[in-house]
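Undergrad: File name my_file_3.cif; file contents mmCIF, C-alpha atoms; full text below.
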```
data_run
loop_
_atom_site.label_atom_id
_atom_site.label_comp_id
_atom_site.auth_asym_id
_atom_site.auth_seq_id
_atom_site.Cartn_x
_atom_site.Cartn_y
_atom_site.Cartn_z
CA MET W 1 377.04 -12.15 297.97
CA ALA W 2 380.41 -12.69 296.41
CA GLY W 3 383.67 -11.21 297.63
CA ILE W 4 386.17 -9.26 295.56
CA ALA W 5 389.71 -8.03 296.18
CA GLY W 6 392.62 -6.75 294.14
CA VAL W 7 395.81 -4.73 293.81
CA ALA W 8 396.68 -2.38 290.93
CA LYS W 9 399.99 -4.13 290.32
CA THR W 10 400.90 -7.29 288.49
CA GLY W 11 402.47 -10.24 290.27
CA LYS W 12 400.34 -9.88 293.41
CA THR W 13 398.40 -13.15 293.16
CA TRP W 14 399.72 -14.27 296.54
CA LEU W 15 398.53 -11.08 298.22
CA VAL W 16 395.10 -11.14 296.58
CA ASN W 17 394.68 -14.74 297.70
CA CYS W 18 395.52 -13.68 301.25
CA MET W 19 392.87 -10.97 300.99
CA LEU W 20 390.28 -13.43 299.71
CA ASP W 21 391.17 -15.84 302.51
CA ARG W 22 389.96 -13.23 305.00
CA ILE W 23 386.53 -13.12 303.34
CA ILE W 24 386.18 -16.78 302.38
CA HIS W 25 382.76 -16.72 304.07
CA ARG W 26 381.58 -14.59 301.13
CA GLY W 27 382.26 -17.38 298.67
CA SER W 28 383.16 -20.87 299.80
CA ALA W 29 382.09 -22.42 296.47
CA GLY W 30 385.12 -21.22 294.52
CA ARG W 31 387.50 -18.44 293.64
CA GLU W 32 389.53 -17.12 290.74
CA VAL W 33 392.45 -14.72 290.66
CA ILE W 34 393.70 -13.24 287.40
CA GLU W 35 396.51 -10.97 286.27
CA THR W 36 395.65 -8.05 283.98
CA PRO W 37 398.10 -5.64 282.35
CA LEU W 38 397.32 -3.16 285.13
CA GLY W 39 397.13 -5.41 288.17
CA THR W 40 395.78 -8.44 289.98
CA MET W 41 392.13 -9.02 290.89
CA GLY W 42 390.16 -11.86 292.37
CA VAL W 43 386.67 -12.99 293.26
CA THR W 44 385.31 -15.67 295.55
CA TRP W 45 381.72 -16.76 295.03
CA LEU W 46 378.80 -18.62 296.52
CA GLN W 47 377.02 -21.54 294.85
CA PRO W 48 374.18 -19.40 293.40
CA GLN W 49 376.84 -17.34 291.65
CA ALA W 50 378.95 -20.20 290.34
CA GLU W 51 379.55 -18.41 287.04
CA ALA W 52 381.22 -15.45 288.74
CA GLY W 53 384.73 -16.82 288.20
CA THR W 54 384.14 -17.35 284.49
CA PHE W 55 382.70 -13.85 284.22
CA LEU W 56 385.82 -12.45 285.86
CA ALA W 57 388.22 -14.25 283.54
CA LYS W 58 386.37 -13.31 280.35
CA THR W 59 385.70 -9.66 281.03
CA GLN W 60 388.43 -8.69 283.51
CA ILE W 61 385.83 -7.42 285.95
CA ALA W 62 385.72 -8.26 289.64
CA LEU W 63 382.01 -8.23 290.49
CA ASP W 64 380.05 -8.49 293.72
CA GLU W 65 376.34 -8.52 292.86
CA SER W 66 373.27 -9.21 294.99
CA GLY W 67 370.48 -8.60 292.54
CA PRO W 68 369.57 -6.29 289.65
CA GLY W 69 371.02 -2.84 290.21
CA HIS W 70 372.97 -3.83 293.32
CA PHE W 71 376.68 -4.23 292.68
CA ALA W 72 380.28 -3.35 293.43
CA LEU W 73 382.66 -3.79 290.52
CA VAL W 74 386.21 -3.11 289.44
CA ASP W 75 387.15 -3.30 285.75
CA GLY W 76 390.46 -4.15 284.12
CA ALA W 77 391.53 -0.51 284.25
CA PHE W 78 391.05 -0.57 288.04
CA THR W 79 388.09 1.76 288.01
CA LEU W 80 385.92 1.16 291.07
CA LYS W 81 382.14 1.57 290.88
CA ARG W 82 379.36 1.02 293.44
CA ASP W 83 375.59 0.93 293.11
CA LEU W 84 373.43 3.94 293.94
CA LEU W 85 372.46 2.85 297.46
CA GLY W 86 375.55 0.86 298.39
CA VAL W 87 373.84 -2.50 298.78
CA ALA W 88 377.13 -4.18 297.85
CA PRO W 89 380.12 -3.02 299.97
CA LEU W 90 383.43 -1.80 298.58
CA TYR W 91 386.51 -0.34 300.29
CA TYR W 92 389.81 0.87 298.90
CA GLY W 93 393.13 2.35 299.94
CA GLN W 94 396.77 2.75 299.01
CA MET W 95 399.63 0.46 299.94
CA ALA W 96 402.91 1.83 301.32
CA ASP W 97 404.23 2.27 297.78
CA GLY W 98 401.11 4.19 296.71
CA ILE W 99 399.52 1.29 294.82
CA LEU W 100 395.69 1.16 294.81
CA CYS W 101 394.02 -1.83 296.45
CA PHE W 102 390.36 -2.75 297.05
CA ALA W 103 388.20 -5.33 298.80
CA SER W 104 384.60 -6.12 299.75
CA GLU W 105 385.36 -5.95 303.47
CA VAL W 106 387.83 -4.02 305.62
CA LYS W 107 389.34 -7.17 307.10
CA ALA W 108 390.51 -8.17 303.62
CA LEU W 109 391.87 -4.73 302.80
CA LEU W 110 393.94 -4.77 305.99
CA GLU W 111 396.08 -7.49 304.43
CA ALA W 112 397.40 -4.79 302.09
CA THR W 113 397.05 -1.46 303.93
CA ARG W 114 395.90 0.32 307.09
CA GLN W 115 394.61 3.20 304.98
CA VAL W 116 390.92 2.41 304.56
CA MET W 117 388.34 4.38 302.62
CA GLU W 118 384.79 3.45 301.71
CA LEU W 119 383.71 3.95 298.11
CA PRO W 120 380.54 6.03 298.52
CA PRO W 121 377.33 4.70 296.93
CA GLY W 122 376.71 5.99 293.43
CA HIS W 123 380.38 6.88 292.91
CA ILE W 124 383.28 5.93 290.66
CA TYR W 125 386.97 6.06 291.60
CA ASN W 126 389.63 5.83 288.90
CA GLY W 127 392.67 5.77 291.17
CA SER W 128 393.09 9.53 291.35
CA ALA W 129 389.63 11.12 291.34
CA LEU W 130 386.31 10.29 292.98
CA HIS W 131 383.08 11.44 291.35
CA SER W 132 379.35 10.77 291.55
CA TYR W 133 377.71 9.15 288.52
CA GLU W 134 374.21 8.99 290.04
CA SER W 135 372.44 10.44 293.06
CA LEU W 136 369.14 10.07 294.86
CA ARG W 137 367.14 13.27 294.91
CA ARG W 138 363.70 14.79 295.32
CA GLN W 139 361.49 14.11 292.29
CA GLU W 140 358.35 15.58 290.79
CA PRO W 141 355.43 13.74 292.45
CA VAL W 142 352.96 11.70 290.43
CA HIS W 143 349.49 13.19 290.09
CA GLU W 144 347.27 10.14 290.48
CA GLN W 145 344.56 8.96 292.82
CA PRO W 146 345.89 6.94 295.78
CA GLU W 147 344.26 3.73 294.53
CA ASN W 148 346.15 4.04 291.22
CA ILE W 149 349.42 4.76 293.02
CA ALA W 150 348.91 1.75 295.27
CA ARG W 151 348.21 -0.47 292.26
CA GLU W 152 351.34 0.66 290.44
CA LEU W 153 353.45 0.33 293.58
CA ARG W 154 352.21 -3.24 294.05
CA ARG W 155 353.11 -4.05 290.44
CA LYS W 156 356.63 -2.71 290.77
CA LEU W 157 357.20 -4.58 294.02
CA GLU W 158 355.94 -7.81 292.48
CA LEU W 159 358.38 -7.43 289.58
CA ALA W 160 361.25 -6.59 291.92
CA VAL W 161 360.69 -9.77 293.91
CA GLU W 162 360.01 -11.99 290.92
CA LYS W 163 363.22 -11.10 289.08
CA ARG W 164 365.26 -12.10 292.14
CA ILE W 165 363.80 -15.61 292.25
CA SER W 166 366.12 -18.12 290.63
CA LYS W 167 365.07 -21.40 292.26
CA ASP W 168 362.06 -23.23 293.69
CA GLU W 169 363.03 -22.87 297.34
CA MET W 170 364.06 -19.65 299.06
CA GLY W 171 363.74 -18.01 302.44
CA VAL W 172 362.60 -14.80 304.13
CA TRP W 173 363.90 -13.26 307.34
CA LEU W 174 360.45 -12.72 308.80
CA SER W 175 360.10 -10.34 311.74
CA GLY W 176 356.33 -10.27 311.47
CA GLY W 177 356.54 -6.58 310.59
CA LEU W 178 354.97 -5.16 307.47
CA ASP W 179 358.07 -5.00 305.27
CA SER W 180 359.40 -8.54 305.70
CA SER W 181 355.84 -9.90 305.51
CA ILE W 182 355.39 -8.13 302.17
CA MET W 183 358.50 -9.85 300.85
CA ALA W 184 357.08 -13.21 301.93
CA ALA W 185 353.65 -12.48 300.45
CA LEU W 186 355.08 -11.47 297.07
CA ALA W 187 357.58 -14.32 296.86
CA ARG W 188 355.24 -17.11 297.95
CA PRO W 189 353.27 -17.53 294.66
CA HIS W 190 356.50 -18.10 292.72
CA LEU W 191 358.01 -20.78 294.96
CA HIS W 192 357.40 -24.43 295.56
CA ARG W 193 358.51 -23.88 299.15
CA LEU W 194 359.16 -20.72 301.11
CA ASP W 195 360.99 -21.02 304.44
CA THR W 196 360.48 -18.20 306.91
CA PHE W 197 362.81 -17.52 309.84
CA ALA W 198 361.97 -15.53 312.97
CA VAL W 199 364.12 -14.86 316.01
CA GLY W 200 363.55 -13.36 319.43
CA LEU W 201 363.84 -13.68 323.16
CA PRO W 202 361.06 -15.69 324.85
CA GLY W 203 357.77 -13.83 324.49
CA ALA W 204 359.12 -11.34 321.93
CA PRO W 205 356.40 -9.68 319.81
CA ASP W 206 358.16 -10.55 316.56
CA LEU W 207 357.74 -14.25 317.19
CA GLU W 208 353.97 -13.99 317.56
CA TYR W 209 353.47 -11.80 314.50
CA ALA W 210 355.80 -13.95 312.38
CA ARG W 211 353.66 -17.00 313.20
CA ILE W 212 350.56 -15.17 312.04
CA ALA W 213 352.16 -14.16 308.74
CA SER W 214 353.71 -17.56 308.02
CA ARG W 215 350.47 -19.44 308.71
CA PHE W 216 348.51 -17.09 306.48
CA LEU W 217 351.00 -17.52 303.62
CA LYS W 218 351.43 -21.29 304.17
CA CYS W 219 355.20 -21.12 304.62
CA LYS W 220 357.58 -23.56 306.29
CA HIS W 221 358.27 -21.60 309.44
CA HIS W 222 361.33 -21.75 311.68
CA GLU W 223 361.36 -20.04 315.05
CA ILE W 224 364.56 -19.33 316.95
CA THR W 225 364.19 -18.46 320.61
CA VAL W 226 367.41 -17.31 322.24
CA LEU W 227 368.56 -16.24 325.68
CA PHE W 228 370.64 -13.17 326.42
CA LYS W 229 373.65 -15.29 327.37
CA GLU W 230 373.59 -16.76 323.86
CA MET W 231 373.56 -13.26 322.42
CA LEU W 232 376.56 -12.30 324.54
CA ALA W 233 378.42 -15.40 323.43
CA VAL W 234 378.06 -14.56 319.74
CA LEU W 235 378.66 -10.81 320.13
CA PRO W 236 382.43 -10.84 319.36
CA THR W 237 381.85 -12.78 316.15
CA VAL W 238 379.11 -10.36 315.14
CA ILE W 239 381.38 -7.35 315.65
CA TYR W 240 384.16 -9.07 313.68
CA HIS W 241 381.89 -9.57 310.68
CA LEU W 242 380.11 -6.25 311.08
CA GLU W 243 383.37 -4.24 311.30
CA SER W 244 381.69 -1.62 313.45
CA PHE W 245 381.18 -0.65 317.08
CA ASP W 246 378.21 1.64 316.43
CA ALA W 247 375.85 0.85 319.30
CA LEU W 248 372.54 0.75 317.44
CA LEU W 249 374.02 -1.17 314.51
CA VAL W 250 375.63 -3.81 316.72
CA ARG W 251 372.52 -4.16 318.85
CA SER W 252 370.33 -4.77 315.81
CA SER W 253 372.80 -7.17 314.20
CA VAL W 254 373.04 -9.83 316.90
CA MET W 255 369.57 -11.24 316.30
CA ASN W 256 370.00 -10.87 312.54
CA PHE W 257 373.24 -12.87 312.76
CA LEU W 258 371.49 -15.67 314.66
CA VAL W 259 368.55 -15.88 312.27
CA ALA W 260 370.95 -15.91 309.31
CA LYS W 261 372.81 -18.82 310.87
CA ARG W 262 369.60 -20.85 311.10
CA ALA W 263 368.49 -19.89 307.60
CA ALA W 264 371.79 -21.04 306.10
CA GLY W 265 370.95 -24.59 307.14
CA TYR W 266 367.93 -24.62 304.83
CA VAL W 267 368.29 -22.17 301.94
CA LEU W 268 370.92 -20.41 299.86
CA GLU W 269 369.06 -17.13 299.32
CA VAL W 270 366.73 -15.04 301.45
CA PHE W 271 364.62 -11.92 301.14
CA SER W 272 364.90 -9.14 303.69
CA GLY W 273 362.57 -6.19 304.18
CA GLU W 274 365.18 -3.42 304.45
CA GLY W 275 364.30 -0.15 302.79
CA GLY W 276 360.57 -0.05 303.40
CA ASP W 277 360.79 2.35 306.35
CA GLU W 278 363.10 4.75 304.57
CA LEU W 279 361.12 4.85 301.33
CA PHE W 280 357.64 5.04 302.86
CA ALA W 281 358.17 6.98 306.12
CA GLY W 282 357.96 4.16 308.63
CA TYR W 283 359.75 5.75 311.58
CA GLU W 284 357.84 7.42 314.40
CA TYR W 285 360.03 10.54 314.52
CA LEU W 286 359.10 11.38 310.93
CA LYS W 287 355.57 12.24 312.05
CA SER W 288 356.93 15.30 313.86
CA LEU W 289 358.54 16.79 310.73
CA GLU W 290 356.94 19.42 308.55
CA SER W 291 355.62 17.83 305.37
CA SER W 292 357.85 20.13 303.29
CA LYS W 293 360.93 18.59 304.95
CA LEU W 294 359.84 14.96 304.86
CA THR W 295 361.07 14.04 301.39
CA ASP W 296 364.54 15.45 302.03
CA GLU W 297 364.72 13.49 305.27
CA LEU W 298 363.69 10.28 303.49
CA VAL W 299 366.39 10.85 300.86
CA ASP W 300 368.93 11.39 303.63
CA ILE W 301 368.14 8.27 305.63
CA THR W 302 367.88 6.15 302.48
CA MET W 303 371.37 7.26 301.45
CA ARG W 304 372.62 6.32 304.94
CA LEU W 305 371.39 2.73 304.64
CA HIS W 306 374.72 1.46 303.34
CA ASN W 307 376.28 2.07 306.78
CA THR W 308 373.26 0.92 308.80
CA ALA W 309 370.67 -1.67 307.83
CA LEU W 310 372.35 -2.70 304.57
CA GLN W 311 375.67 -3.28 306.31
CA ARG W 312 373.85 -5.43 308.86
CA VAL W 313 372.12 -7.45 306.14
CA ASP W 314 375.25 -7.91 304.04
CA ARG W 315 377.55 -8.96 306.87
CA CYS W 316 375.07 -11.24 308.63
CA ALA W 317 374.12 -13.00 305.41
CA SER W 318 377.66 -13.28 304.05
CA ALA W 319 379.00 -14.59 307.35
CA HIS W 320 376.90 -17.71 306.77
CA GLY W 321 377.25 -18.03 302.99
CA LEU W 322 373.82 -16.57 302.20
CA VAL W 323 372.72 -14.21 299.47
CA ALA W 324 370.27 -11.64 300.87
CA HIS W 325 367.94 -9.77 298.50
CA VAL W 326 366.54 -6.35 299.36
CA ALA W 327 363.79 -5.99 296.75
CA PHE W 328 362.40 -2.79 298.27
CA LEU W 329 365.60 -1.15 297.05
CA ASP W 330 365.21 -2.29 293.46
CA PRO W 331 366.05 0.79 291.33
CA GLU W 332 362.58 0.94 289.78
CA VAL W 333 360.87 0.69 293.16
CA VAL W 334 363.11 3.39 294.64
CA ASP W 335 362.50 5.71 291.71
CA TYR W 336 358.73 5.32 291.99
CA ALA W 337 358.72 5.57 295.78
CA PHE W 338 360.27 9.03 295.62
CA ARG W 339 357.57 10.15 293.21
CA ILE W 340 354.77 9.21 295.61
CA PRO W 341 353.42 12.28 297.45
CA VAL W 342 354.41 12.41 301.11
CA ALA W 343 350.73 12.81 302.03
CA ASP W 344 350.20 9.24 300.81
CA LYS W 345 353.09 7.94 302.91
CA LEU W 346 352.08 9.56 306.19
CA HIS W 347 348.29 9.69 305.98
CA ASN W 348 346.20 10.73 308.98
CA GLY W 349 349.00 9.71 311.31
CA VAL W 350 349.45 6.26 309.73
CA GLU W 351 353.00 5.53 308.58
CA LYS W 352 353.56 3.70 305.27
CA TRP W 353 349.87 4.20 304.45
CA ILE W 354 350.23 3.80 300.68
CA LEU W 355 352.25 0.61 301.15
CA ARG W 356 349.53 -0.83 303.37
CA GLN W 357 346.95 0.07 300.73
CA ALA W 358 349.02 -1.65 298.06
CA MET W 359 349.05 -4.90 300.04
CA THR W 360 345.39 -4.97 301.14
CA GLY W 361 344.11 -8.53 300.95
CA ALA W 362 347.58 -10.02 300.57
CA LEU W 363 348.29 -10.10 304.31
CA PRO W 364 346.17 -10.63 307.45
CA ASP W 365 344.94 -7.49 309.21
CA PRO W 366 347.18 -7.86 312.32
CA ILE W 367 350.22 -7.70 310.03
CA LEU W 368 348.84 -5.10 307.66
CA ASN W 369 348.03 -2.79 310.56
CA ARG W 370 351.01 -3.50 312.81
CA PRO W 371 352.84 -0.31 313.89
CA LYS W 372 356.57 0.00 313.22
CA SER W 373 358.85 -1.70 315.75
CA LYS W 374 362.64 -1.55 315.47
CA PHE W 375 364.11 -4.99 314.82
CA TRP W 376 366.00 -5.12 318.12
CA GLN W 377 362.88 -4.00 319.99
CA GLY W 378 360.48 -6.40 318.31
CA ALA W 379 362.89 -9.26 318.91
CA GLY W 380 362.85 -8.44 322.62
CA VAL W 381 366.40 -7.07 322.91
CA GLU W 382 365.40 -3.57 323.99
CA GLU W 383 367.97 -2.26 326.51
CA LEU W 384 369.61 -5.55 327.51
CA PHE W 385 373.02 -4.73 326.07
CA ALA W 386 372.99 -1.20 327.44
CA ARG W 387 372.13 -2.51 330.90
CA TYR W 388 374.83 -5.19 330.72
CA ALA W 389 377.46 -2.61 329.73
CA GLU W 390 376.33 -0.25 332.47
CA GLU W 391 376.87 -3.01 335.02
CA ASN W 392 380.18 -4.30 333.63
CA VAL W 393 382.05 -1.21 332.42
CA THR W 394 383.37 0.89 335.28
CA ASP W 395 382.92 4.65 335.42
CA ALA W 396 386.69 5.08 335.50
CA GLY W 397 387.14 2.87 332.46
CA PHE W 398 384.50 4.76 330.53
CA ASN W 399 385.96 8.16 331.29
CA LYS W 400 389.45 7.01 330.37
CA LYS W 401 388.44 5.67 326.97
CA LEU W 402 385.94 8.35 326.04
CA GLU W 403 387.90 9.77 323.08
CA LEU W 404 389.37 7.70 320.23
CA PRO W 405 392.62 8.44 318.35
CA ASN W 406 390.66 9.94 315.44
CA GLY W 407 388.80 12.35 317.74
CA TRP W 408 385.49 10.49 317.96
CA CYS W 409 383.80 10.44 321.35
CA LEU W 410 382.16 7.29 322.68
CA ASP W 411 378.90 8.45 324.16
CA SER W 412 377.92 5.41 326.24
CA LYS W 413 379.33 2.47 328.13
CA GLU W 414 377.57 0.23 325.64
CA GLU W 415 379.54 1.69 322.75
CA LEU W 416 382.80 1.44 324.72
CA PHE W 417 381.97 -2.21 325.40
CA TYR W 418 381.63 -2.82 321.66
CA TYR W 419 384.70 -0.74 320.80
CA ARG W 420 386.93 -2.85 323.05
CA ILE W 421 385.91 -5.95 321.09
CA PHE W 422 386.36 -4.11 317.80
CA HIS W 423 389.84 -2.99 318.87
CA GLN W 424 390.89 -6.57 319.68
CA TYR W 425 390.17 -7.58 316.09
CA PHE W 426 391.17 -4.52 314.13
CA GLY W 427 393.40 -2.32 316.29
CA LYS W 428 393.43 1.49 316.28
CA PHE W 429 392.66 3.68 313.29
CA LYS W 430 393.70 7.28 312.84
CA ASP W 431 390.82 7.65 310.40
CA LEU W 432 387.50 5.89 310.96
CA SER W 433 385.48 7.80 308.38
CA TRP W 434 384.94 4.56 306.49
CA MET W 435 382.90 3.19 309.37
CA VAL W 436 380.41 6.02 309.93
CA ARG W 437 378.00 6.00 312.88
CA THR W 438 374.25 6.12 313.23
CA LYS W 439 372.77 9.54 312.52
CA GLY W 440 372.81 11.59 315.71
CA ALA W 441 375.76 9.86 317.39
CA PRO W 442 378.35 12.38 318.62
CA ILE W 443 381.62 12.28 316.66
CA SER W 444 383.68 14.93 318.40
#
```
Any chance you could put this one into structure tokens?
TA:
Amino acid sequence: MAGIAGVAKTGKTWLVNCMLDRIIHRGSAGREVIETPLGTMGVTWLQPQAEAGTFLAKTQIALDESGPGHFALVDGAFTLKRDLLGVAPLYYGQMADGILCFASEVKALLEATRQVMELPPGHIYNGSALHSYESLRRQEPVHEQPENIARELRRKLELAVEKRISKDEMGVWLSGGLDSSIMAALARPHLHRLDTFAVGLPGAPDLEYARIASRFLKCKHHEITVLFKEMLAVLPTVIYHLESFDALLVRSSVMNFLVAKRAAGYVLEVFSGEGGDELFAGYEYLKSLESSKLTDELVDITMRLHNTALQRVDRCASAHGLVAHVAFLDPEVVDYAFRIPVADKLHNGVEKWILRQAMTGALPDPILNRPKSKFWQGAGVEELFARYAEENVTDAGFNKKLELPNGWCLDSKEELFYYRIFHQYFGKFKDLSWMVRTKGAPIS
């Protein structure tokens, strides 16, 4: 993805360049900074988006886009806008003199201000007022037989993948789970070569399942086996790019960061399977909910993706100059997914049942029938970080640092371990609402 930054004041080219320097990993191919009557804005772009600078100069729009319907933009009037699900990140704040500033990542915004706010997905900010222009909500379900729903779902997914293919060679972060395997299966017919990338500790389940999927689809497969000491070594860099100390988010990002690093040596763009669990009820806990409450829960966790899985995908890809596509979250797929009856998503105790039906024949049975496994579990990480923190953070140290300046409580030694690294890079914040934490984490 590209990187954007700007200040609602003319004559700030030097400052905007400093901001872009902090996120040069989002666009090493080039940059452009322009002055408009109302301020200064800039963009830095990756090779697949080489026209981004020209687009900026002609239309006075700073644009960060990662596929149809996924964007963060700022126009010449310094109106900020973000896509419905927040696939593309965007933060803003005010400088000491009250001037509006914005950037794709917090580290860039800190060049101009310590006041950090996240532009919520589906919102517009005009410098004085924030309002929603679109929202995700419960919809009237379609009244069709499951086989017809599965057929239409397959068609929409095929279109979502196809319109994100711009070259003959691309990649897929392949965990061997259903969602990433679907991305590989749908992309493969359109590509001369499809590289797949799997990562895990020795003996991790993801590695075995990824081999099965890649062989079936005739992909060029790359397997990355790592040791825990290698994960520890890269952890500070992961937290720097991630801009978070949320325990579950950090834990899941380390392996993603490592697989992105390997992928960047072979391809410029990758597909990722994020969104499938949220749209089609892939999590185990959802089975315990009343069916009447399931749709609302799916809406809720889908709208939280921008601070969880999507933040992981964006930061891990951008750190290595990759563009990551999340075709499950194509607007047309999302719209249709929320019209599918919940009984077809959780069917006789089988999660994502309708999605499995849609892909029958396109994937081998071990993949098609594989139960959901969290990325950090399937990769073999499990409780390694929690155990390490328990052994290396003293009880006294944990008790002393339990509460943060903004009132948040750190609920584990693991999270304190991550926070100490976060603090070294970013310092203290009186307001951390821009970061957000995984649903269920205590905040006071």
Undergrad: To verify the selection step, state as a VMD selection string which residues the PyMOL selection byres ((chain W and resi 417-420) around 12) yields on this input.
TA: chain W and resid 232 235 to 240 242 to 251 385 to 394 397 to 398 401 to 404 408 to 416 421 to 429
Undergrad: Using all atoms listed in the file, which residues of region 275-343 of chain W come within 12 Å of region 102-106 of chain W, and what is the closest atom pair for each, with the distance in Å to one decimal? Give it as a tab-separated table, sorted by chain and residue number.
TA:
```
residue	atom	partner	partner_atom	distance
W:Gln311	CA	W:Glu105	CA	10.4
W:Asp314	CA	W:Glu105	CA	10.3
W:Arg315	CA	W:Glu105	CA	9.0
W:Ser318	CA	W:Glu105	CA	10.6
W:Ala319	CA	W:Glu105	CA	11.4
```
Undergrad: Could you name the residues that touch region 65-68 of chain W at 9 Å or less, counting all atoms listed in the file, but leaving out those on the same chain fewer than 5 positions away, as a list in words?
TA: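 The neighbour list is Met1, Ala2, Gln49, Leu73, Val87, Ala88, Ala160, Lys163, Arg164, Val323, Ala324, His325, Val326, Ala327, Asp330 and Pro331 of chain W.
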Undergrad: Around the point (357.8, -20.5, 304.6) in the file's coordinates, collect all residues with an atom within 10 Å, using all atoms listed in the file, and return them as an mmCIF file with C-alpha atoms, in the frame of the given file.
TA:
```cif
data_model
loop_
_atom_site.group_PDB
_atom_site.id
_atom_site.type_symbol
_atom_site.label_atom_id
_atom_site.label_comp_id
_atom_site.auth_asym_id
_atom_site.auth_seq_id
_atom_site.Cartn_x
_atom_site.Cartn_y
_atom_site.Cartn_z
ATOM 1 C CA GLU W 169 363.030 -22.870 297.340
ATOM 2 C CA MET W 170 364.060 -19.650 299.060
ATOM 3 C CA GLY W 171 363.740 -18.010 302.440
ATOM 4 C CA VAL W 172 362.600 -14.800 304.130
ATOM 5 C CA TRP W 173 363.900 -13.260 307.340
ATOM 6 C CA LEU W 174 360.450 -12.720 308.800
ATOM 7 C CA ALA W 184 357.080 -13.210 301.930
ATOM 8 C CA ALA W 185 353.650 -12.480 300.450
ATOM 9 C CA ALA W 187 357.580 -14.320 296.860
ATOM 10 C CA ARG W 188 355.240 -17.110 297.950
ATOM 11 C CA LEU W 191 358.010 -20.780 294.960
ATOM 12 C CA HIS W 192 357.400 -24.430 295.560
ATOM 13 C CA ARG W 193 358.510 -23.880 299.150
ATOM 14 C CA LEU W 194 359.160 -20.720 301.110
ATOM 15 C CA ASP W 195 360.990 -21.020 304.440
ATOM 16 C CA THR W 196 360.480 -18.200 306.910
ATOM 17 C CA PHE W 197 362.810 -17.520 309.840
ATOM 18 C CA ALA W 213 352.160 -14.160 308.740
ATOM 19 C CA SER W 214 353.710 -17.560 308.020
ATOM 20 C CA ARG W 215 350.470 -19.440 308.710
ATOM 21 C CA LEU W 217 351.000 -17.520 303.620
ATOM 22 C CA LYS W 218 351.430 -21.290 304.170
ATOM 23 C CA CYS W 219 355.200 -21.120 304.620
ATOM 24 C CA LYS W 220 357.580 -23.560 306.290
ATOM 25 C CA HIS W 221 358.270 -21.600 309.440
ATOM 26 C CA HIS W 222 361.330 -21.750 311.680
#
```
Undergrad: Applying the PyMOL selection byres ((chain W and resi 366) around 10) to the file I just gave you, which residues come out? Please list them as number ranges by chain.
TA: W: 176-178, 209, 212-213, 363-365, 367-371
Undergrad: Could you check which of W:Thr44, W:Leu20, W:Ser166, W:Ala358 is closest to Val270 (chain W), using only C-alpha atoms?
TA: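 Selected residue with least distance to Val270 (chain W): W:Ser166.
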Undergrad: Using all atoms listed in the file, find the one residue out of W:Tyr266, W:Phe328, W:Phe271, W:Tyr91 that sits nearest to Ser175 (chain W).
TA: W:Phe271
Undergrad: For region 61-64 of chain W, find every residue with an atom within 8 Å (counting all atoms listed in the file), except residues of its own chain fewer than 3 positions away, and show them as a list in words.
TA: Met1, Ala2, Gly3, Ile4, Ala5, Met41, Gly42, Val43, Ala52, Phe55, Leu56, Ala57, Phe71, Ala72, Leu73, Val74, Asp75, Gly76, Ala88 and Ser104 of chain W
Undergrad: Produce the centre coordinates and the three edge lengths, each in Å to one decimal, of the box along x, y and z that contains all listed atoms of region 29-41 of chain W with 4 Å added on each side, as JSON.
TA:
```
{"center_x": 390.1, "center_y": -12.8, "center_z": 289.4, "size_x": 24.0, "size_y": 27.3, "size_z": 22.1}
```
Undergrad: Per residue of region 288-314 of chain W within 12 Å of region 113-136 of chain W, record the nearest atom pair and its distance in Å to one decimal, counting only C-alpha atoms, with rows in chain order and ascending residue number, as a Markdown table.
TA:
```
| residue | atom | partner | partner_atom | distance |
| --- | --- | --- | --- | --- |
| W:Thr295 | CA | W:Leu136 | CA | 11.1 |
| W:Asp296 | CA | W:Leu136 | CA | 10.1 |
| W:Glu297 | CA | W:Leu136 | CA | 11.8 |
| W:Leu298 | CA | W:Leu136 | CA | 10.2 |
| W:Val299 | CA | W:Leu136 | CA | 6.6 |
| W:Asp300 | CA | W:Leu136 | CA | 8.9 |
| W:Ile301 | CA | W:Leu136 | CA | 11.0 |
| W:Thr302 | CA | W:Leu136 | CA | 8.7 |
| W:Met303 | CA | W:Leu136 | CA | 7.5 |
| W:Arg304 | CA | W:Pro121 | CA | 9.4 |
| W:Leu305 | CA | W:Pro121 | CA | 9.9 |
| W:His306 | CA | W:Pro121 | CA | 7.6 |
| W:Asn307 | CA | W:Glu118 | CA | 10.0 |
| W:Leu310 | CA | W:Pro121 | CA | 11.7 |
```
Undergrad: Go through W:Ala281, W:Val381, W:Ala309, W:Ala317 one by one, measure the shortest atom-to-atom distance of each to Lys352 (chain W) using all atoms listed in the file, and give the residue with the smallest value.
TA: W:Ala281
Undergrad: When you draw a straight line from CA of Arg339 (chain W) to CA of Leu279 (chain W), how long is it in Å?
TA: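 If I compute the distance from CA of Arg339 (chain W) to CA of Leu279 (chain W), I get 10.3 Å.
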Undergrad: Once the PyMOL selection byres ((chain W and resi 200) around 9) has been applied to the shown file, what residues remain in the selection, as a list in words?
TA: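 That expression, the PyMOL selection byres ((chain W and resi 200) around 9), corresponds here to Ser175, Ala198, Val199, Leu201, Pro202, Gly203, Ala204, Pro205, Asp206, Leu207, Glu223, Ile224, Thr225, Val226, Leu227, Met255, Trp376, Gly378, Ala379, Gly380 and Val381 of chain W.
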Undergrad: Find the distance between CA of Arg312 (chain W) and CA of Ile182 (chain W) and write it in Å to one decimal.
TA: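 These two atoms are separated by 19.8 Å.
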